[in-house]
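Visitor: For reference, the file target-v6.tsv (TSV, C-alpha atoms) is included below:
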chain	number	residue	atom	x	y	z
A	1	MET	CA	-2.96	9.77	6.69
A	2	LYS	CA	-3.82	6.07	6.42
A	3	TYR	CA	-6.81	4.83	4.40
A	4	GLN	CA	-6.23	7.19	1.51
A	5	LYS	CA	-9.17	5.81	-0.50
A	6	THR	CA	-11.53	6.44	2.41
A	7	SER	CA	-10.31	9.99	2.98
A	8	GLN	CA	-10.50	10.72	-0.77
A	9	TYR	CA	-14.08	9.45	-0.87
A	10	LEU	CA	-15.05	11.64	2.09
A	11	ASN	CA	-13.32	14.60	0.48
A	12	ARG	CA	-15.39	14.14	-2.67
A	13	CYS	CA	-18.58	13.97	-0.60
A	14	ILE	CA	-17.71	17.32	0.98
A	15	ASP	CA	-16.64	18.98	-2.28
A	16	LYS	CA	-19.73	17.84	-4.21
A	17	GLY	CA	-22.17	18.39	-1.38
A	18	PHE	CA	-23.18	14.72	-1.22
A	19	LEU	CA	-23.01	14.33	2.54
A	20	SER	CA	-25.11	11.67	4.22
A	21	HIS	CA	-27.02	12.32	7.45
A	22	ALA	CA	-25.29	9.33	9.05
A	23	TYR	CA	-22.04	7.33	8.86
A	24	VAL	CA	-20.73	4.23	10.60
A	25	PHE	CA	-16.96	3.81	10.84
A	26	TYR	CA	-16.32	0.21	11.90
A	27	GLY	CA	-13.34	-2.07	12.40
A	28	PRO	CA	-10.54	-2.74	14.89
A	29	ASP	CA	-8.22	0.09	13.80
A	30	GLU	CA	-9.24	2.49	16.59
A	31	ASP	CA	-6.50	5.07	16.03
A	32	SER	CA	-7.31	5.52	12.35
A	33	LYS	CA	-11.04	5.69	12.98
A	34	LYS	CA	-10.56	8.43	15.55
A	35	GLU	CA	-8.11	10.35	13.37
A	36	ILE	CA	-10.33	10.29	10.28
A	37	VAL	CA	-13.65	10.90	12.04
A	38	PHE	CA	-12.39	14.15	13.59
A	39	TRP	CA	-10.58	15.16	10.40
A	40	PHE	CA	-13.83	14.59	8.48
A	41	ALA	CA	-15.97	16.49	10.99
A	42	ASN	CA	-13.61	19.46	11.20
A	43	LYS	CA	-13.29	19.62	7.42
A	44	ILE	CA	-17.07	19.80	7.05
A	45	LEU	CA	-17.16	22.56	9.67
A	46	LYS	CA	-14.13	24.30	8.13
A	47	ASN	CA	-12.52	24.22	11.54
A	48	ARG	CA	-8.80	24.54	10.89
A	49	SER	CA	-7.81	24.64	14.54
A	50	PHE	CA	-9.15	21.11	15.18
A	51	LYS	CA	-10.12	22.20	18.67
A	52	PHE	CA	-13.46	23.11	20.19
A	53	HIS	CA	-16.25	23.94	17.76
A	54	PRO	CA	-19.80	24.88	18.84
A	55	ASP	CA	-21.31	22.72	16.08
A	56	LEU	CA	-19.35	19.58	17.01
A	57	PHE	CA	-20.45	17.22	19.79
A	58	SER	CA	-18.67	13.99	20.76
A	59	ILE	CA	-19.61	11.37	23.33
A	60	GLU	CA	-17.46	8.50	24.54
A	61	SER	CA	-17.89	6.00	27.37
A	62	ASP	CA	-15.43	5.75	30.24
A	63	SER	CA	-13.59	2.41	30.59
A	64	ASP	CA	-16.06	-0.50	30.29
A	65	GLU	CA	-19.19	1.50	31.09
A	66	LYS	CA	-22.09	1.48	28.67
A	67	ILE	CA	-23.17	4.68	26.94
A	68	SER	CA	-26.31	5.75	28.78
A	69	ILE	CA	-29.54	7.03	27.30
A	70	ASN	CA	-28.89	10.37	29.03
A	71	LEU	CA	-25.87	10.97	26.81
A	72	VAL	CA	-27.95	10.14	23.74
A	73	ARG	CA	-30.57	12.64	24.90
A	74	GLN	CA	-27.82	15.27	25.17
A	75	LEU	CA	-26.88	14.42	21.59
A	76	LYS	CA	-30.50	14.86	20.51
A	77	ASN	CA	-30.76	18.26	22.24
A	78	PHE	CA	-27.53	19.35	20.57
A	79	LEU	CA	-28.75	18.36	17.08
A	80	THR	CA	-32.13	19.99	17.59
A	81	LEU	CA	-30.53	23.44	17.84
A	82	LYS	CA	-29.65	25.32	14.67
A	83	PRO	CA	-25.95	25.49	13.66
A	84	CYS	CA	-24.00	28.35	15.22
A	85	LEU	CA	-21.40	29.05	12.55
A	86	GLY	CA	-22.15	26.99	9.47
A	87	GLU	CA	-24.74	24.80	7.80
A	88	CYS	CA	-24.19	21.56	9.76
A	89	LYS	CA	-24.12	20.22	13.28
A	90	ILE	CA	-22.10	17.04	13.75
A	91	ALA	CA	-22.45	14.46	16.52
A	92	ILE	CA	-19.81	11.76	16.96
A	93	VAL	CA	-20.42	8.63	19.03
A	94	GLN	CA	-17.15	6.91	19.83
A	95	ASN	CA	-17.17	3.28	21.01
A	96	ALA	CA	-20.71	2.93	19.68
A	97	GLU	CA	-20.60	-0.78	20.53
A	98	LYS	CA	-21.04	0.34	24.16
A	99	LEU	CA	-24.47	1.83	23.53
A	100	ASN	CA	-26.95	-0.09	25.69
A	101	SER	CA	-30.26	-1.29	24.24
A	102	PHE	CA	-32.18	1.79	25.46
A	103	SER	CA	-29.53	4.11	24.02
A	104	GLN	CA	-29.59	2.35	20.65
A	105	ASN	CA	-33.37	2.59	20.40
A	106	ALA	CA	-33.21	6.27	21.32
A	107	LEU	CA	-30.49	6.80	18.72
A	108	LEU	CA	-32.62	5.04	16.08
A	109	LYS	CA	-35.40	7.52	16.83
A	110	ILE	CA	-32.92	10.38	16.30
A	111	PHE	CA	-31.85	8.86	12.97
A	112	GLU	CA	-35.47	8.82	11.85
A	113	GLU	CA	-36.27	12.36	12.96
A	114	ALA	CA	-32.95	14.19	12.60
A	115	PRO	CA	-33.12	17.71	11.12
A	116	LYS	CA	-31.53	18.34	7.72
A	117	HIS	CA	-28.51	20.07	9.24
A	118	ALA	CA	-27.61	17.03	11.39
A	119	ILE	CA	-24.79	14.59	10.65
A	120	ILE	CA	-24.26	11.64	13.00
A	121	ILE	CA	-21.09	9.54	12.89
A	122	LEU	CA	-20.80	6.29	14.84
A	123	CYS	CA	-17.46	4.58	15.49
A	124	ALA	CA	-17.83	0.88	16.33
A	125	LYS	CA	-15.64	-2.20	16.42
A	126	THR	CA	-18.11	-4.26	14.37
A	127	LEU	CA	-21.38	-3.71	12.52
A	128	ASP	CA	-22.99	-6.49	14.55
A	129	SER	CA	-22.53	-4.47	17.73
A	130	ILE	CA	-25.15	-1.91	16.66
A	131	LEU	CA	-28.74	-2.36	15.55
A	132	GLY	CA	-29.16	-3.37	11.93
A	133	THR	CA	-31.87	-0.72	11.59
A	134	ILE	CA	-29.29	1.91	12.55
A	135	ALA	CA	-26.54	0.57	10.28
A	136	SER	CA	-28.94	0.32	7.33
A	137	ARG	CA	-29.60	4.06	7.52
A	138	ALA	CA	-25.93	5.03	7.37
A	139	VAL	CA	-22.99	5.03	4.99
A	140	LYS	CA	-20.66	2.29	6.25
A	141	LEU	CA	-16.87	2.60	6.00
A	142	SER	CA	-14.55	-0.16	7.22
A	143	PHE	CA	-11.26	0.21	9.07
A	144	TRP	CA	-9.89	-3.32	9.03
A	145	GLN	CA	-6.33	-2.92	7.88
A	146	VAL	CA	-3.81	-0.32	6.83
A	147	GLU	CA	-3.41	0.31	3.14
A	148	ARG	CA	0.01	-0.71	1.88
A	149	GLU	CA	1.86	-0.73	-1.41
A	150	LEU	CA	1.76	-4.52	-1.86
A	151	SER	CA	-1.01	-6.83	-0.74
A	152	LEU	CA	0.00	-9.91	1.23
A	153	SER	CA	-1.04	-12.12	-1.67
A	154	ASP	CA	1.63	-10.31	-3.70
A	155	GLN	CA	4.22	-11.06	-1.04
A	156	PHE	CA	3.31	-14.70	-0.30
A	157	ASN	CA	2.46	-17.64	-2.54
A	158	PHE	CA	-0.50	-19.16	-0.73
A	159	GLU	CA	-0.35	-22.29	-2.88
A	160	ASN	CA	3.01	-23.13	-1.32
A	161	LEU	CA	1.38	-23.40	2.11
A	162	PHE	CA	-0.17	-26.72	1.06
A	163	LYS	CA	3.27	-28.20	0.44
A	164	ALA	CA	5.26	-26.44	3.16
A	165	SER	CA	6.48	-27.99	6.40
A	166	PHE	CA	5.23	-26.73	9.76
A	167	GLU	CA	8.52	-24.89	10.18
A	168	ASP	CA	8.15	-23.14	6.81
A	169	ILE	CA	4.53	-22.18	7.56
A	170	TYR	CA	5.55	-20.86	10.96
A	171	ASN	CA	8.37	-18.78	9.44
A	172	CYS	CA	5.94	-17.42	6.86
A	173	LEU	CA	3.44	-16.34	9.51
A	174	GLU	CA	6.23	-14.83	11.61
A	175	LYS	CA	7.03	-12.55	8.66
A	176	VAL	CA	3.40	-11.44	8.53
A	177	GLY	CA	3.48	-10.21	12.13
A	178	THR	CA	0.69	-9.89	14.67
A	179	TYR	CA	-0.60	-6.55	13.36
A	180	LYS	CA	-1.08	-7.88	9.82
A	181	THR	CA	-2.59	-11.24	10.80
A	182	PRO	CA	-6.26	-10.23	10.11
A	183	GLU	CA	-5.30	-9.04	6.63
A	184	PHE	CA	-3.37	-12.25	5.99
A	185	PHE	CA	-6.42	-14.36	6.87
A	186	LYS	CA	-8.70	-12.20	4.75
A	187	GLU	CA	-6.56	-12.72	1.64
A	188	TRP	CA	-5.96	-16.39	2.52
A	189	ILE	CA	-9.75	-16.98	2.61
A	190	ILE	CA	-10.19	-15.23	-0.75
A	191	PHE	CA	-7.51	-17.55	-2.15
A	192	LEU	CA	-9.23	-20.65	-0.67
A	193	ARG	CA	-12.63	-19.55	-2.01
A	194	THR	CA	-11.21	-19.14	-5.51
A	195	LYS	CA	-9.42	-22.48	-5.29
A	196	PHE	CA	-12.63	-24.20	-4.13
A	197	LYS	CA	-14.67	-22.70	-6.98
A	198	ASN	CA	-12.14	-24.01	-9.52
A	199	ASN	CA	-11.86	-27.45	-7.92
A	200	PRO	CA	-14.54	-28.14	-5.28
A	201	THR	CA	-13.57	-30.94	-2.91
A	202	LYS	CA	-14.67	-31.95	0.58
A	203	GLU	CA	-11.17	-31.26	1.90
A	204	LEU	CA	-11.14	-27.71	0.51
A	205	ALA	CA	-14.68	-27.09	1.79
A	206	ALA	CA	-13.67	-28.15	5.30
A	207	LEU	CA	-10.51	-26.04	5.13
A	208	LEU	CA	-12.45	-22.99	3.93
A	209	ILE	CA	-15.07	-23.32	6.69
A	210	LYS	CA	-12.38	-23.80	9.34
A	211	ASN	CA	-10.43	-20.72	8.27
A	212	GLN	CA	-13.58	-18.60	7.95
A	213	ASN	CA	-14.27	-19.42	11.60
A	214	ILE	CA	-10.71	-18.50	12.53
A	215	TYR	CA	-11.02	-15.18	10.69
A	216	PHE	CA	-14.36	-14.46	12.38
A	217	ASN	CA	-12.90	-15.16	15.84
A	218	LEU	CA	-9.85	-13.06	15.02
A	219	ASN	CA	-11.97	-10.00	14.24
A	220	GLU	CA	-14.95	-10.46	16.53
A	221	THR	CA	-13.30	-11.79	19.71
A	222	ASN	CA	-10.10	-11.26	21.67
A	223	ILE	CA	-8.37	-14.35	20.30
A	224	ASN	CA	-4.58	-14.09	20.30
A	225	PRO	CA	-3.30	-13.80	16.68
A	226	LYS	CA	-0.68	-16.44	17.46
A	227	PHE	CA	-3.43	-18.89	18.39
A	228	ALA	CA	-5.13	-18.10	15.07
A	229	CYS	CA	-1.90	-18.94	13.25
A	230	ASP	CA	-1.61	-22.20	15.21
A	231	GLU	CA	-5.13	-23.13	14.10
A	232	LEU	CA	-4.19	-22.37	10.51
A	233	MET	CA	-1.22	-24.71	10.69
A	234	LEU	CA	-3.34	-27.48	12.23
A	235	SER	CA	-6.05	-27.04	9.58
A	236	LEU	CA	-3.43	-27.47	6.85
A	237	TRP	CA	-1.98	-30.53	8.60
A	238	LYS	CA	-5.37	-32.25	8.58
A	239	THR	CA	-5.62	-31.80	4.83
Please go through the file and, once you have read it, give me the structure as structure tokens.

Guide:
Amino acid sequence: MKYQKTSQYLNRCIDKGFLSHAYVFYGPDEDSKKEIVFWFANKILKNRSFKFHPDLFSIESDSDEKISINLVRQLKNFLTLKPCLGECKIAIVQNAEKLNSFSQNALLKIFEEAPKHAIIILCAKTLDSILGTIASRAVKLSFWQVERELSLSDQFNFENLFKASFEDIYNCLEKVGTYKTPEFFKEWIIFLRTKFKNNPTKELAALLIKNQNIYFNLNETNINPKFACDELMLSLWKT
């Protein structure tokens, strides 16, 4: 399973009985979010078959449709009932970013009045896509990139990018690959921030701001990772 640290943390919560009433799993790694959210729910319920369980309820929107308030009301009715087989009832909201404004307000009311046996898990692409009052009441776990043995900063010398030719920068980014591009930008920004703190200049400030915007667009919009890499090369050229 990916995200070993996350799964280990959730395991400890189960073993020590420190479960929260609400969780938000957020980030672009949809497959991992779905895998871990159902693993987590079934482990709490001690459901080894990973199939239907009377104390597990999941809602998900179809295609681009918003999640209606009627589905949230079904969730509320489900949580109101006492558990059938164990001590908890778990409700999962997939694609929580598709909750409309009425649904989110109804869900907030459920968060505030949920019975002790209720656990609600939201899966969303970003935290900004759900109400801050909802996110503030939940344990938040990110799913931005896959854990790997070596970080990208271990594999690449970011300092060399300032001296490299366009061809060398392009070859470097080609090695990163489209899937790893968000992680590359995250570590690149950390490097720029550290460099700026040690030697603050207007050029580094402009470069840092530019690349923060690229990273934001990469994670919050549908920008093509190759376009993000092109912007990185242009930002370095201007310095």

Visitor: Find the residues around segment 202-215 of chain A up to 12 Å (only C-alpha atoms counted), leave out those fewer than 5 positions away in its own chain, and share them as an MDAnalysis selection string.

Guide: chainID A and resid 162 181:197 220:239

Visitor: Just the number, please: distance in Å from atom CA of Asp15 of chain A to atom CA of Phe111 of chain A, one decimal.

Guide: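 Atom-to-atom, atom CA of Asp15 of chain A and atom CA of Phe111 of chain A are spaced 23.8 Å apart.
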
Visitor: Report, in Å with one decimal, the straight-line distance from atom CA of Asp128 of chain A to atom CA of Glu97 of chain A.

Guide: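 Atom CA of Glu97 of chain A lies at a distance of 8.6 Å from atom CA of Asp128 of chain A.
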
Visitor: Choose the residue, out of A:Ile59, A:Glu167, A:Lys51, A:Lys180, that has the smallest atom-to-atom separation from Trp144 of chain A; count all atoms listed in the file.

Guide: A:Lys180

Visitor: What separation in Å, quoted to one decimal, exists between atom CA of Cys88 of chain A and atom CA of His117 of chain A?

Guide: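 Those two atoms sit 4.6 Å apart.
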
Visitor: Check the smallest atom-to-atom distance from each of A:Ile90, A:Ile130, A:Cys84, A:Val72 to Glu60 of chain A using all atoms listed in the file, then report the winner.

Guide: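 Of A:Ile90, A:Ile130, A:Cys84, A:Val72, the one nearest Glu60 of chain A is A:Val72, counting all atoms listed in the file.
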